$ cat coords-v9.cif   # mmCIF, C-alpha atoms and all ligand atoms
data_query
loop_
_atom_site.label_atom_id
_atom_site.label_comp_id
_atom_site.auth_asym_id
_atom_site.auth_seq_id
_atom_site.Cartn_x
_atom_site.Cartn_y
_atom_site.Cartn_z
CA MET Y 1 15.29 -0.19 -24.88
CA ASN Y 2 15.22 -0.17 -21.06
CA SER Y 3 18.09 2.27 -20.88
CA MET Y 4 16.27 4.75 -23.12
CA PRO Y 5 14.76 6.96 -20.43
CA THR Y 6 18.17 7.82 -18.90
CA GLN Y 7 19.70 8.43 -22.33
CA LEU Y 8 16.85 10.74 -23.15
CA ALA Y 9 17.12 12.64 -19.89
CA HIS Y 10 20.76 13.42 -20.62
CA SER Y 11 20.29 14.53 -24.18
CA ALA Y 12 20.08 18.28 -24.63
CA THR Y 13 18.79 18.23 -28.22
CA GLN Y 14 15.74 20.40 -28.65
CA VAL Y 15 13.72 19.81 -31.79
CA PRO Y 16 11.47 22.73 -32.71
CA PHE Y 17 8.17 22.00 -34.43
CA VAL Y 18 9.25 24.39 -37.17
CA ASP Y 19 12.27 26.71 -37.53
CA PHE Y 20 12.01 29.62 -40.00
CA GLN Y 21 15.46 30.97 -39.13
CA ARG Y 22 17.27 28.21 -41.02
CA GLN Y 23 15.58 28.95 -44.32
CA TYR Y 24 15.99 32.67 -43.78
CA ALA Y 25 19.72 32.32 -43.05
CA ALA Y 26 20.18 30.53 -46.38
CA LEU Y 27 18.23 33.10 -48.42
CA ARG Y 28 18.86 36.29 -46.47
CA GLU Y 29 20.94 38.17 -49.06
CA GLU Y 30 18.70 37.22 -51.96
CA ILE Y 31 15.49 38.16 -50.18
CA LEU Y 32 16.80 41.42 -48.75
CA ALA Y 33 17.94 42.43 -52.25
CA ALA Y 34 14.45 41.73 -53.62
CA ILE Y 35 12.83 43.70 -50.78
CA THR Y 36 15.25 46.59 -51.30
CA GLN Y 37 14.23 46.75 -54.94
CA VAL Y 38 10.58 47.19 -53.97
CA CYS Y 39 11.48 49.83 -51.38
CA ASP Y 40 13.57 51.71 -53.92
CA SER Y 41 10.68 51.66 -56.39
CA GLN Y 42 8.19 52.91 -53.74
CA SER Y 43 5.50 50.96 -55.60
CA PHE Y 44 3.84 48.84 -52.94
CA ILE Y 45 0.34 47.96 -54.11
CA LEU Y 46 -0.06 45.42 -56.93
CA GLY Y 47 3.30 46.42 -58.38
CA PRO Y 48 5.22 44.60 -61.12
CA GLN Y 49 6.35 41.89 -58.68
CA VAL Y 50 2.73 40.86 -58.12
CA ALA Y 51 2.05 40.47 -61.84
CA GLU Y 52 5.33 38.61 -62.25
CA PHE Y 53 4.52 36.24 -59.40
CA GLU Y 54 1.00 35.60 -60.69
CA ALA Y 55 2.36 34.76 -64.14
CA ALA Y 56 5.16 32.57 -62.74
CA VAL Y 57 2.78 30.45 -60.67
CA ALA Y 58 0.25 30.18 -63.51
CA ARG Y 59 3.02 28.96 -65.83
CA ARG Y 60 4.23 26.44 -63.29
CA LEU Y 61 0.77 25.05 -62.68
CA GLY Y 62 -0.21 25.09 -66.34
CA VAL Y 63 -3.20 27.35 -65.71
CA SER Y 64 -4.02 30.52 -67.56
CA HIS Y 65 -4.45 32.91 -64.60
CA GLY Y 66 -3.21 33.76 -61.13
CA VAL Y 67 -4.72 36.51 -59.00
CA GLY Y 68 -2.64 37.54 -55.98
CA CYS Y 69 -4.49 38.53 -52.84
CA SER Y 70 -3.99 39.23 -49.18
CA SER Y 71 -4.42 35.76 -47.65
CA GLY Y 72 -5.55 32.22 -48.26
CA THR Y 73 -8.82 33.08 -46.57
CA ASP Y 74 -9.43 35.90 -49.05
CA ALA Y 75 -8.36 33.67 -51.93
CA LEU Y 76 -11.06 31.16 -50.92
CA TRP Y 77 -13.71 33.87 -50.75
CA LEU Y 78 -12.60 35.41 -54.06
CA ALA Y 79 -12.69 31.98 -55.74
CA LEU Y 80 -16.21 31.27 -54.48
CA ALA Y 81 -17.55 34.72 -55.31
CA ALA Y 82 -15.90 34.83 -58.73
CA THR Y 83 -17.23 31.40 -59.74
CA GLY Y 84 -20.76 32.57 -59.03
CA VAL Y 85 -21.62 31.21 -55.58
CA GLN Y 86 -24.76 33.06 -54.46
CA PRO Y 87 -26.43 33.54 -51.07
CA ALA Y 88 -29.14 30.98 -51.89
CA ASP Y 89 -26.55 28.27 -52.61
CA ALA Y 90 -24.97 25.45 -50.67
CA VAL Y 91 -21.24 24.59 -50.77
CA VAL Y 92 -19.96 21.21 -49.59
CA THR Y 93 -16.66 20.95 -47.72
CA SER Y 94 -14.77 19.09 -45.00
CA PRO Y 95 -15.29 19.37 -41.24
CA PHE Y 96 -11.60 18.49 -40.76
CA SER Y 97 -9.78 21.60 -41.91
CA PHE Y 98 -8.81 25.08 -40.89
CA PHE Y 99 -11.77 27.31 -40.04
CA ALA Y 100 -11.38 29.37 -43.23
CA SER Y 101 -12.59 26.43 -45.38
CA VAL Y 102 -16.06 27.01 -43.90
CA SER Y 103 -15.97 30.72 -43.05
CA CYS Y 104 -15.27 31.62 -46.70
CA ILE Y 105 -18.57 29.97 -47.64
CA LEU Y 106 -20.41 32.07 -45.07
CA ARG Y 107 -18.54 35.16 -46.26
CA ALA Y 108 -19.91 34.42 -49.77
CA GLY Y 109 -23.36 34.32 -48.16
CA ALA Y 110 -23.91 30.63 -48.90
CA ARG Y 111 -24.69 27.64 -46.65
CA PRO Y 112 -21.81 25.33 -45.72
CA VAL Y 113 -22.72 21.64 -45.91
CA LEU Y 114 -20.21 19.21 -44.44
CA ALA Y 115 -19.30 15.66 -45.45
CA ASP Y 116 -17.13 13.23 -43.49
CA ILE Y 117 -13.52 12.39 -44.33
CA ASP Y 118 -11.50 9.36 -45.33
CA PRO Y 119 -9.77 7.98 -42.19
CA ARG Y 120 -6.52 7.29 -44.06
CA THR Y 121 -5.90 10.58 -45.85
CA TYR Y 122 -8.10 12.88 -43.71
CA ASN Y 123 -9.35 14.35 -46.98
CA LEU Y 124 -13.02 14.45 -48.01
CA ASP Y 125 -14.60 11.04 -48.54
CA MET Y 126 -16.11 11.56 -51.99
CA ALA Y 127 -18.83 8.96 -51.42
CA GLN Y 128 -19.99 11.09 -48.49
CA VAL Y 129 -19.77 14.18 -50.70
CA GLY Y 130 -21.96 12.43 -53.27
CA ASP Y 131 -24.55 11.67 -50.57
CA ALA Y 132 -24.47 15.28 -49.38
CA VAL Y 133 -24.84 16.68 -52.89
CA ARG Y 134 -27.81 14.38 -53.62
CA ARG Y 135 -29.44 15.13 -50.28
CA VAL Y 136 -29.13 18.91 -50.62
CA THR Y 137 -30.23 18.93 -54.24
CA GLU Y 138 -33.09 16.45 -54.03
CA LYS Y 139 -34.37 16.74 -50.45
CA ASP Y 140 -33.57 20.35 -49.54
CA GLY Y 141 -34.17 21.61 -53.08
CA GLN Y 142 -31.08 23.81 -52.83
CA ARG Y 143 -28.46 24.27 -55.53
CA VAL Y 144 -25.01 22.95 -54.64
CA ALA Y 145 -22.97 25.66 -56.31
CA ALA Y 146 -19.57 24.30 -55.36
CA VAL Y 147 -17.65 21.54 -53.66
CA LEU Y 148 -14.54 22.71 -51.83
CA PRO Y 149 -12.04 19.87 -51.38
CA VAL Y 150 -9.16 20.64 -49.02
CA HIS Y 151 -5.79 19.11 -49.94
CA LEU Y 152 -4.92 18.53 -46.31
CA PHE Y 153 -1.35 18.22 -45.04
CA GLY Y 154 0.03 18.47 -48.59
CA GLN Y 155 -1.87 15.60 -50.22
CA CYS Y 156 -4.52 16.12 -52.86
CA ALA Y 157 -8.09 15.06 -52.24
CA ASP Y 158 -9.57 12.57 -54.72
CA VAL Y 159 -10.60 15.13 -57.32
CA SER Y 160 -11.12 12.36 -59.89
CA ALA Y 161 -14.04 10.98 -57.89
CA LEU Y 162 -15.45 14.48 -57.66
CA LEU Y 163 -15.22 14.98 -61.42
CA GLN Y 164 -16.93 11.60 -61.81
CA LEU Y 165 -19.80 12.76 -59.62
CA ARG Y 166 -20.28 15.72 -61.93
CA GLN Y 167 -20.19 13.59 -65.10
CA PRO Y 168 -23.54 12.93 -66.72
CA PHE Y 169 -24.68 9.30 -66.51
CA ARG Y 170 -24.63 7.80 -70.05
CA ASP Y 171 -26.57 10.23 -72.25
CA GLU Y 172 -28.63 11.85 -69.50
CA PRO Y 173 -28.09 15.57 -68.90
CA ALA Y 174 -25.61 16.29 -66.09
CA ARG Y 175 -27.44 16.23 -62.77
CA TYR Y 176 -24.95 18.30 -60.86
CA ASP Y 177 -23.10 21.31 -62.13
CA PHE Y 178 -21.21 22.34 -59.00
CA LYS Y 179 -17.89 24.10 -59.38
CA ILE Y 180 -14.81 22.51 -57.87
CA ILE Y 181 -12.91 25.02 -55.75
CA GLU Y 182 -9.66 23.61 -54.36
CA ASP Y 183 -8.45 24.71 -50.94
CA ALA Y 184 -4.79 24.32 -51.90
CA ALA Y 185 -3.47 26.30 -48.91
CA GLN Y 186 -1.31 23.34 -47.78
CA SER Y 187 -0.44 21.79 -51.11
CA PHE Y 188 1.74 24.02 -53.27
CA GLY Y 189 3.61 21.66 -55.60
CA ALA Y 190 1.50 18.58 -54.87
CA LEU Y 191 0.23 16.52 -57.81
CA TRP Y 192 -2.91 14.49 -58.51
CA GLU Y 193 -2.60 12.01 -61.36
CA GLY Y 194 0.31 14.04 -62.68
CA ARG Y 195 -1.45 17.39 -62.53
CA PRO Y 196 -0.60 20.15 -60.04
CA SER Y 197 -2.87 21.06 -57.15
CA GLY Y 198 -4.38 24.42 -58.02
CA SER Y 199 -5.09 23.27 -61.60
CA LEU Y 200 -7.54 20.46 -60.84
CA GLY Y 201 -10.85 22.26 -60.55
CA ASP Y 202 -12.56 25.46 -61.65
CA ALA Y 203 -10.57 27.67 -59.30
CA ALA Y 204 -8.17 27.21 -56.40
CA ALA Y 205 -6.93 29.11 -53.38
CA PHE Y 206 -3.36 29.16 -52.08
CA SER Y 207 -2.10 30.64 -48.82
CA PHE Y 208 1.42 31.94 -48.23
CA TYR Y 209 1.07 32.34 -44.47
CA PRO Y 210 4.53 31.85 -42.87
CA THR Y 211 3.94 28.22 -41.82
CA LYS Y 212 2.90 27.07 -45.31
CA ASN Y 213 5.37 25.18 -47.49
CA LEU Y 214 5.57 28.19 -49.84
CA SER Y 215 5.36 31.24 -47.62
CA CYS Y 216 5.94 34.99 -47.50
CA PHE Y 217 6.86 37.42 -44.73
CA GLY Y 218 3.33 38.02 -43.52
CA ASP Y 219 -0.03 37.25 -45.07
CA GLY Y 220 -0.53 36.48 -48.75
CA GLY Y 221 -2.67 34.35 -51.04
CA LEU Y 222 -3.43 33.53 -54.65
CA VAL Y 223 -6.39 32.41 -56.74
CA THR Y 224 -5.63 30.24 -59.76
CA THR Y 225 -8.03 29.38 -62.56
CA ASN Y 226 -8.26 28.51 -66.24
CA ASP Y 227 -11.34 30.67 -66.66
CA ALA Y 228 -10.58 34.20 -67.86
CA ALA Y 229 -13.93 35.52 -66.60
CA VAL Y 230 -13.35 34.07 -63.11
CA ALA Y 231 -9.86 35.62 -63.00
CA GLU Y 232 -11.19 38.98 -64.15
CA THR Y 233 -13.97 38.96 -61.54
CA ALA Y 234 -11.57 37.92 -58.75
CA ALA Y 235 -9.12 40.65 -59.77
CA THR Y 236 -11.97 43.18 -59.68
CA LEU Y 237 -13.39 41.98 -56.35
CA ARG Y 238 -9.97 42.35 -54.69
CA VAL Y 239 -10.03 46.09 -55.47
CA HIS Y 240 -13.53 46.97 -54.28
CA GLY Y 241 -15.20 45.86 -57.50
CA MET Y 242 -13.54 48.65 -59.48
CA ARG Y 243 -12.71 48.22 -63.15
CA LYS Y 244 -12.21 51.93 -63.55
CA ARG Y 245 -10.94 53.95 -60.62
CA TYR Y 246 -13.81 55.07 -58.34
CA PHE Y 247 -16.42 53.37 -60.49
CA HIS Y 248 -17.69 50.33 -58.56
CA ASP Y 249 -19.41 47.63 -60.61
CA GLU Y 250 -19.94 45.29 -57.68
CA VAL Y 251 -19.30 45.19 -53.95
CA GLY Y 252 -15.84 43.78 -53.55
CA TRP Y 253 -13.31 44.14 -50.79
CA ASN Y 254 -9.75 45.32 -50.25
CA CYS Y 255 -7.70 42.12 -50.41
CA ARG Y 256 -4.64 42.73 -52.56
CA LEU Y 257 -1.19 41.17 -52.45
CA ASP Y 258 1.66 43.53 -51.47
CA SER Y 259 4.60 43.96 -53.84
CA LEU Y 260 6.91 43.21 -50.90
CA GLN Y 261 5.28 39.83 -50.33
CA ALA Y 262 5.33 39.03 -54.05
CA ALA Y 263 9.06 39.88 -54.15
CA VAL Y 264 9.74 37.42 -51.32
CA LEU Y 265 7.60 34.78 -53.01
CA LEU Y 266 9.40 35.19 -56.34
CA VAL Y 267 12.69 34.37 -54.63
CA LYS Y 268 11.25 31.39 -52.77
CA LEU Y 269 9.52 30.01 -55.86
CA HIS Y 270 12.96 29.01 -57.18
CA TYR Y 271 13.42 26.67 -54.22
CA ILE Y 272 9.99 25.16 -53.70
CA ASP Y 273 10.66 21.97 -55.69
CA GLN Y 274 13.81 21.19 -53.75
CA TRP Y 275 12.07 21.98 -50.44
CA ASN Y 276 9.13 19.73 -51.28
CA GLN Y 277 11.56 16.98 -52.26
CA ARG Y 278 13.31 17.38 -48.90
CA ARG Y 279 9.95 17.16 -47.12
CA ARG Y 280 9.28 13.83 -48.84
CA GLU Y 281 12.72 12.59 -47.78
CA VAL Y 282 12.11 13.70 -44.21
CA ALA Y 283 8.77 11.85 -44.25
CA ALA Y 284 10.41 8.70 -45.65
CA LEU Y 285 13.07 8.79 -42.91
CA TYR Y 286 10.41 9.14 -40.21
CA ASP Y 287 8.59 6.15 -41.74
CA ASP Y 288 11.79 4.06 -41.63
CA LEU Y 289 12.75 5.10 -38.12
CA PHE Y 290 9.29 4.37 -36.71
CA GLU Y 291 9.21 0.97 -38.43
CA GLN Y 292 12.66 0.14 -37.01
CA ALA Y 293 11.49 1.21 -33.56
CA GLY Y 294 8.63 -1.27 -33.87
CA ILE Y 295 5.90 1.08 -32.70
CA THR Y 296 3.82 1.36 -35.86
CA ILE Y 297 0.33 -0.11 -36.09
CA PRO Y 298 -2.19 -0.46 -38.91
CA LEU Y 299 -5.21 1.85 -39.03
CA GLU Y 300 -7.54 -1.01 -38.01
CA ALA Y 301 -5.54 -1.48 -34.77
CA ALA Y 302 -5.96 2.19 -33.92
CA ALA Y 303 -9.70 1.68 -33.99
CA MET Y 304 -9.14 -0.92 -31.20
CA GLN Y 305 -7.21 1.51 -28.98
CA THR Y 306 -3.90 -0.29 -29.54
CA PRO Y 307 -0.81 1.67 -28.41
CA GLY Y 308 1.43 2.76 -31.28
CA LEU Y 309 1.37 5.07 -34.27
CA VAL Y 310 -0.41 4.90 -37.61
CA LEU Y 311 1.96 6.44 -40.14
CA PRO Y 312 0.73 8.87 -42.82
CA TYR Y 313 -0.97 7.17 -45.75
CA VAL Y 314 0.20 8.20 -49.20
CA ASP Y 315 -2.25 7.80 -52.07
CA ARG Y 316 -0.02 6.74 -54.97
CA ARG Y 317 -2.24 8.44 -57.53
CA GLY Y 318 -0.83 11.73 -56.28
CA GLN Y 319 2.42 13.20 -55.10
CA HIS Y 320 2.44 14.37 -51.49
CA VAL Y 321 4.43 17.44 -50.43
CA PHE Y 322 4.22 16.73 -46.69
CA HIS Y 323 3.26 20.20 -45.63
CA GLN Y 324 2.73 18.27 -42.39
CA TYR Y 325 3.76 14.80 -41.24
CA VAL Y 326 0.74 13.68 -39.25
CA VAL Y 327 0.57 10.43 -37.30
CA ARG Y 328 -2.47 8.94 -35.60
CA VAL Y 329 -2.03 7.64 -32.08
CA GLY Y 330 -3.59 4.24 -31.50
CA ASP Y 331 -4.69 4.55 -27.89
CA GLY Y 332 -6.35 7.54 -26.29
CA ARG Y 333 -3.11 9.08 -25.03
CA ARG Y 334 -2.35 11.66 -27.70
CA ASP Y 335 -2.20 14.56 -25.27
CA GLN Y 336 0.01 12.64 -22.80
CA LEU Y 337 2.38 11.80 -25.64
CA ARG Y 338 2.50 15.50 -26.60
CA GLU Y 339 3.29 16.41 -22.99
CA HIS Y 340 6.06 13.77 -22.86
CA MET Y 341 7.53 15.22 -26.07
CA ARG Y 342 7.32 18.74 -24.70
CA GLU Y 343 9.14 17.69 -21.52
CA HIS Y 344 11.91 16.29 -23.71
CA GLY Y 345 12.16 19.40 -25.87
CA VAL Y 346 10.36 18.07 -28.94
CA GLY Y 347 7.71 20.24 -30.58
CA SER Y 348 4.41 18.99 -32.00
CA GLU Y 349 1.04 20.38 -33.01
CA VAL Y 350 -2.55 19.21 -33.38
CA TYR Y 351 -4.25 19.96 -36.70
CA TYR Y 352 -7.13 20.13 -35.77
CA PRO Y 353 -8.34 19.56 -32.21
CA VAL Y 354 -11.98 20.52 -32.85
CA PRO Y 355 -13.78 19.53 -36.06
CA LEU Y 356 -15.54 22.48 -37.66
CA HIS Y 357 -19.09 21.25 -37.00
CA MET Y 358 -18.26 21.34 -33.27
CA GLN Y 359 -16.85 24.88 -33.26
CA LYS Y 360 -18.79 27.31 -31.10
CA ALA Y 361 -18.98 29.87 -33.92
CA LEU Y 362 -20.64 27.33 -36.22
CA ARG Y 363 -23.24 25.92 -33.84
CA PHE Y 364 -25.95 27.72 -35.78
CA LEU Y 365 -25.37 25.33 -38.70
CA GLY Y 366 -27.24 22.78 -36.62
CA TYR Y 367 -24.72 19.94 -36.60
CA GLN Y 368 -24.11 17.80 -33.54
CA GLU Y 369 -21.40 15.67 -32.07
CA GLY Y 370 -21.62 12.27 -33.78
CA ASP Y 371 -22.54 13.70 -37.18
CA PHE Y 372 -19.03 13.18 -38.61
CA PRO Y 373 -17.49 10.36 -36.57
CA VAL Y 374 -14.40 9.92 -38.76
CA ALA Y 375 -13.46 13.58 -38.42
CA GLU Y 376 -14.22 13.51 -34.69
CA ARG Y 377 -11.96 10.49 -34.14
CA ALA Y 378 -9.20 12.13 -36.18
CA ALA Y 379 -9.45 15.28 -34.07
CA ARG Y 380 -8.79 13.18 -30.94
CA LYS Y 381 -5.94 11.16 -32.40
CA VAL Y 382 -3.83 13.10 -34.87
CA LEU Y 383 -0.43 14.54 -34.02
CA ALA Y 384 1.78 16.58 -36.35
CA LEU Y 385 5.53 16.04 -35.88
CA PRO Y 386 8.37 18.45 -36.67
CA ILE Y 387 8.86 18.69 -40.43
CA PHE Y 388 10.60 21.39 -42.46
CA PRO Y 389 13.17 21.11 -45.26
CA GLU Y 390 16.11 21.97 -43.00
CA ILE Y 391 15.41 19.47 -40.19
CA THR Y 392 18.41 17.14 -39.68
CA ALA Y 393 18.53 13.35 -39.43
CA PRO Y 394 19.80 13.49 -35.82
CA GLU Y 395 16.85 15.70 -34.95
CA GLN Y 396 14.45 13.22 -36.53
CA GLU Y 397 16.16 10.38 -34.66
CA ARG Y 398 15.62 12.33 -31.47
CA VAL Y 399 11.91 12.79 -32.23
CA VAL Y 400 11.51 9.06 -32.83
CA ALA Y 401 13.54 8.13 -29.72
CA VAL Y 402 11.40 10.34 -27.50
CA ILE Y 403 8.17 8.90 -28.89
CA THR Y 404 9.51 5.34 -28.69
CA ASP Y 405 10.46 5.96 -25.07
CA PHE Y 406 6.85 6.93 -24.34
CA TYR Y 407 5.50 3.66 -25.73
CA LYS Y 408 8.25 1.35 -24.40
CA ALA Y 409 7.82 2.82 -20.92
CA GLY Y 410 4.21 1.62 -21.11
C1 LIG G 1 -3.85 28.31 -43.87
C2 LIG G 1 -5.10 27.77 -44.41
C3 LIG G 1 -6.13 28.61 -44.88
C4 LIG G 1 -6.13 30.10 -44.69
O1 LIG G 1 -5.02 30.75 -45.17
P1 LIG G 1 -4.60 32.18 -44.56
O2 LIG G 1 -3.56 32.67 -45.48
O3 LIG G 1 -4.10 31.93 -43.17
O4 LIG G 1 -5.80 33.05 -44.56
C5 LIG G 1 -7.24 28.02 -45.46
N1 LIG G 1 -7.36 26.69 -45.55
C6 LIG G 1 -6.40 25.85 -45.10
C7 LIG G 1 -6.59 24.39 -45.26
C8 LIG G 1 -5.26 26.36 -44.50
O5 LIG G 1 -4.33 25.52 -44.03
#
$ encode --input "coords-v9.cif" --output "structure tokens"
Amino acid sequence: MNSMPTQLAHSATQVPFVDFQRQYAALREEILAAITQVCDSQSFILGPQVAEFEAAVARRLGVSHGVGCSSGTDALWLALAATGVQPADAVVTSPFSFFASVSCILRAGARPVLADIDPRTYNLDMAQVGDAVRRVTEKDGQRVAAVLPVHLFGQCADVSALLQLRQPFRDEPARYDFKIIEDAAQSFGALWEGRPSGSLGDAAAFSFYPTKNLSCFGDGGLVTTNDAAVAETAATLRVHGMRKRYFHDEVGWNCRLDSLQAAVLLVKLHYIDQWNQRRREVAALYDDLFEQAGITIPLEAAAMQTPGLVLPYVDRRGQHVFHQYVVRVGDGRRDQLREHMREHGVGSEVYYPVPLHMQKALRFLGYQEGDFPVAERAARKVLALPIFPEITAPEQERVVAVITDFYKAG
């Protein structure tokens, strides 16, 4: 291991955090043909490709409806608004997510209430959610209209525990009637107890932003639901609340999915299973390589500031799609490790450096540092490594060698 630094210095391999060109090169002809078809039709807004894509995803997920829209952010808002979240309501979600998981609640006029996460999966800790729901309902006297679990990094949150929380106790009436709105932006194709993400709650939101595991050539999103009324309302809200042209039944917004984006998505939908399978293989190879390098540590050791990496935890009740492969650094040197990787041409990213309750824009919610210690620790320690279906084994070996070099050098 002592000779590693010199070997590394002489290696020219660059490993990008993500490389869209490789997927595009493989699908170029097919995608350009699909785009040409839309151009030739000159039907750009909610054309036949959008309806076809909505139906294809609904079929795949085993839900009755899909409603295409302009982004994951809009899909979240549409899902909340269409399931009846009102300005007087509270919605519980995670402080360890992308900003949109909270901003959509504010956009619906409701109050975001946060609950801390599970340190292994980084997903909502449902015991904490239960406490939050009870506190808001009983102490604040506010209705919790929805809980918004985020399936972070491609792994489903424990929706079973959430359903349990909503179950009536014995023969009592149900105490809580919150809707479950999945933020499935990072989890297309993931399963929970055999059922697809996006089919687990009352409605779900997908994003097809270019970095997502199923992505389009710009912004795009989709709401899925088994409730015909929710689908109908979401479809109306995305076109300014119009059911009949220029007759507005409610105040909606313009947030439609372009035919061009749907055409791209229809092509990519054929490949998503094989891409997700590749992502799992890439994750398994990283696991093996890090174990062989002898730099992995258990989660408990990370709490003691031990150098090394905690590998991603996979909850076996679900099937992960590894939208991201996120390790936790044991000691406090995450940013130094990132810099070392950058110097050696290896990309990385931090999802997310600032938990949502500590974002400047959300200060008015009244949370403080220390309120969600698990999320705060995660924000200081997580590091996402290069993962995409086309990454090669030599590239992964390079990533592991560079990280190993950092730890073996002290
Ligand atoms: C990407 C993402 C969103 C927002 O999706 P956009 O399409 O970028 O608007 C929401 N939630 C999570 C967890 C995301 O990763």
$ closest_atom_pairs --input "coords-v9.cif" --of "region 1-78 of chain Y" --to "region 349-362 of chain Y" --cutoff "12 Å" --atoms "only C-alpha atoms" --output "CSV"
residue,atom,partner,partner_atom,distance
Y:Pro16,CA,Y:Glu349,CA,10.7
Y:Phe17,CA,Y:Glu349,CA,7.4
Y:Val18,CA,Y:Glu349,CA,10.0
$ write_last_selection --input "coords-v9.cif" --atoms "C-alpha atoms" --output "PDB file, in the frame of the given file"
ATOM      1  CA  PRO Y  16      11.470  22.730 -32.710  1.00  0.00           C
ATOM      2  CA  PHE Y  17       8.170  22.000 -34.430  1.00  0.00           C
ATOM      3  CA  VAL Y  18       9.250  24.390 -37.170  1.00  0.00           C
TER       4      VAL Y  18
END
$ residues_near_ligand --input "coords-v9.cif" --ligand "ligand LIG 1 (chain G)" --cutoff "6 Å" --atoms "all atoms listed in the file" --output "PyMOL selection string"
chain Y and resi 71-73+97-98+100-101+150+183+185-186+207-209+219-221
$ write_last_selection --input "coords-v9.cif" --atoms "C-alpha atoms" --output "PDB file, in the frame of the given file"
ATOM      1  CA  SER Y  71      -4.420  35.760 -47.650  1.00  0.00           C
ATOM      2  CA  GLY Y  72      -5.550  32.220 -48.260  1.00  0.00           C
ATOM      3  CA  THR Y  73      -8.820  33.080 -46.570  1.00  0.00           C
ATOM      4  CA  SER Y  97      -9.780  21.600 -41.910  1.00  0.00           C
ATOM      5  CA  PHE Y  98      -8.810  25.080 -40.890  1.00  0.00           C
ATOM      6  CA  ALA Y 100     -11.380  29.370 -43.230  1.00  0.00           C
ATOM      7  CA  SER Y 101     -12.590  26.430 -45.380  1.00  0.00           C
ATOM      8  CA  VAL Y 150      -9.160  20.640 -49.020  1.00  0.00           C
ATOM      9  CA  ASP Y 183      -8.450  24.710 -50.940  1.00  0.00           C
ATOM     10  CA  ALA Y 185      -3.470  26.300 -48.910  1.00  0.00           C
ATOM     11  CA  GLN Y 186      -1.310  23.340 -47.780  1.00  0.00           C
ATOM     12  CA  SER Y 207      -2.100  30.640 -48.820  1.00  0.00           C
ATOM     13  CA  PHE Y 208       1.420  31.940 -48.230  1.00  0.00           C
ATOM     14  CA  TYR Y 209       1.070  32.340 -44.470  1.00  0.00           C
ATOM     15  CA  ASP Y 219      -0.030  37.250 -45.070  1.00  0.00           C
ATOM     16  CA  GLY Y 220      -0.530  36.480 -48.750  1.00  0.00           C
ATOM     17  CA  GLY Y 221      -2.670  34.350 -51.040  1.00  0.00           C
TER      18      GLY Y 221
END
$ closest_residue --input "coords-v9.cif" --among "Y:Asp371, Y:Glu397, Y:Glu390, Y:Asp258" --to "Val38 (chain Y)" --atoms "only C-alpha atoms"
Y:Asp258
$ closest_atom_pairs --input "coords-v9.cif" --of "region 19-95 of chain Y" --to "region 102-106 of chain Y" --cutoff "12 Å" --atoms "all atoms listed in the file" --output "CSV"
residue,atom,partner,partner_atom,distance
Y:Ser71,CA,Y:Cys104,CA,11.7
Y:Gly72,CA,Y:Cys104,CA,9.9
Y:Thr73,CA,Y:Cys104,CA,6.6
Y:Asp74,CA,Y:Cys104,CA,7.6
Y:Ala75,CA,Y:Cys104,CA,8.9
Y:Leu76,CA,Y:Cys104,CA,6.0
Y:Trp77,CA,Y:Cys104,CA,4.9
Y:Leu78,CA,Y:Cys104,CA,8.7
Y:Ala79,CA,Y:Cys104,CA,9.4
Y:Leu80,CA,Y:Ile105,CA,7.4
Y:Ala81,CA,Y:Ile105,CA,9.1
Y:Gly84,CA,Y:Ile105,CA,11.9
Y:Val85,CA,Y:Ile105,CA,8.6
Y:Gln86,CA,Y:Ile105,CA,9.7
Y:Pro87,CA,Y:Leu106,CA,8.6
Y:Ala88,CA,Y:Leu106,CA,11.1
Y:Asp89,CA,Y:Ile105,CA,9.6
Y:Ala90,CA,Y:Ile105,CA,8.4
Y:Val91,CA,Y:Ile105,CA,6.8
Y:Val92,CA,Y:Val102,CA,9.0
Y:Thr93,CA,Y:Val102,CA,7.2
Y:Ser94,CA,Y:Val102,CA,8.1
Y:Pro95,CA,Y:Val102,CA,8.1
$ closest_residue --input "coords-v9.cif" --among "Y:Ala203, Y:Ala235, Y:Val400, Y:Lys268" --to "Arg256 (chain Y)" --atoms "only C-alpha atoms"
Y:Ala235
$ atom_distance --input "coords-v9.cif" --atom1 "CA of Thr224 (chain Y)" --atom2 "CA of Leu114 (chain Y)"
23.9 Å
$ closest_residue --input "coords-v9.cif" --among "Y:Val239, Y:Met304, Y:Val374, Y:Val144" --to "Arg175 (chain Y)" --atoms "only C-alpha atoms"
Y:Val144
$ closest_residue --input "coords-v9.cif" --among "Y:Arg28, Y:His323, Y:Arg60, Y:Arg120" --to "Ser187 (chain Y)" --atoms "only C-alpha atoms"
Y:His323
$ closest_residue --input "coords-v9.cif" --among "Y:Leu27, Y:Val346, Y:Leu163, Y:Val63" --to "Ala204 (chain Y)" --atoms "only C-alpha atoms"
Y:Val63
$ atom_distance --input "coords-v9.cif" --atom1 "CA of Asn254 (chain Y)" --atom2 "CA of Phe53 (chain Y)"
19.2 Å
$ closest_residue --input "coords-v9.cif" --among "Y:Gln277, Y:Asn123, Y:Thr392, Y:Gln292" --to "Phe322 (chain Y)" --atoms "only C-alpha atoms"
Y:Gln277
$ axis_aligned_box --input "coords-v9.cif" --around "region 261-267 of chain Y" --padding-each-side "8 Å" --output "JSON"
{"center_x": 9.0, "center_y": 37.1, "center_z": -53.3, "size_x": 23.4, "size_y": 21.5, "size_z": 22.0}
$ residues_around --input "coords-v9.cif" --residues "region 152-158 of chain Y" --least-positions-apart "3" --cutoff "8 Å" --atoms "all atoms listed in the file" --output "number ranges by chain"
Y: 97, 121-124, 126, 149, 161-162, 186-188, 190-192, 197, 314, 318-326
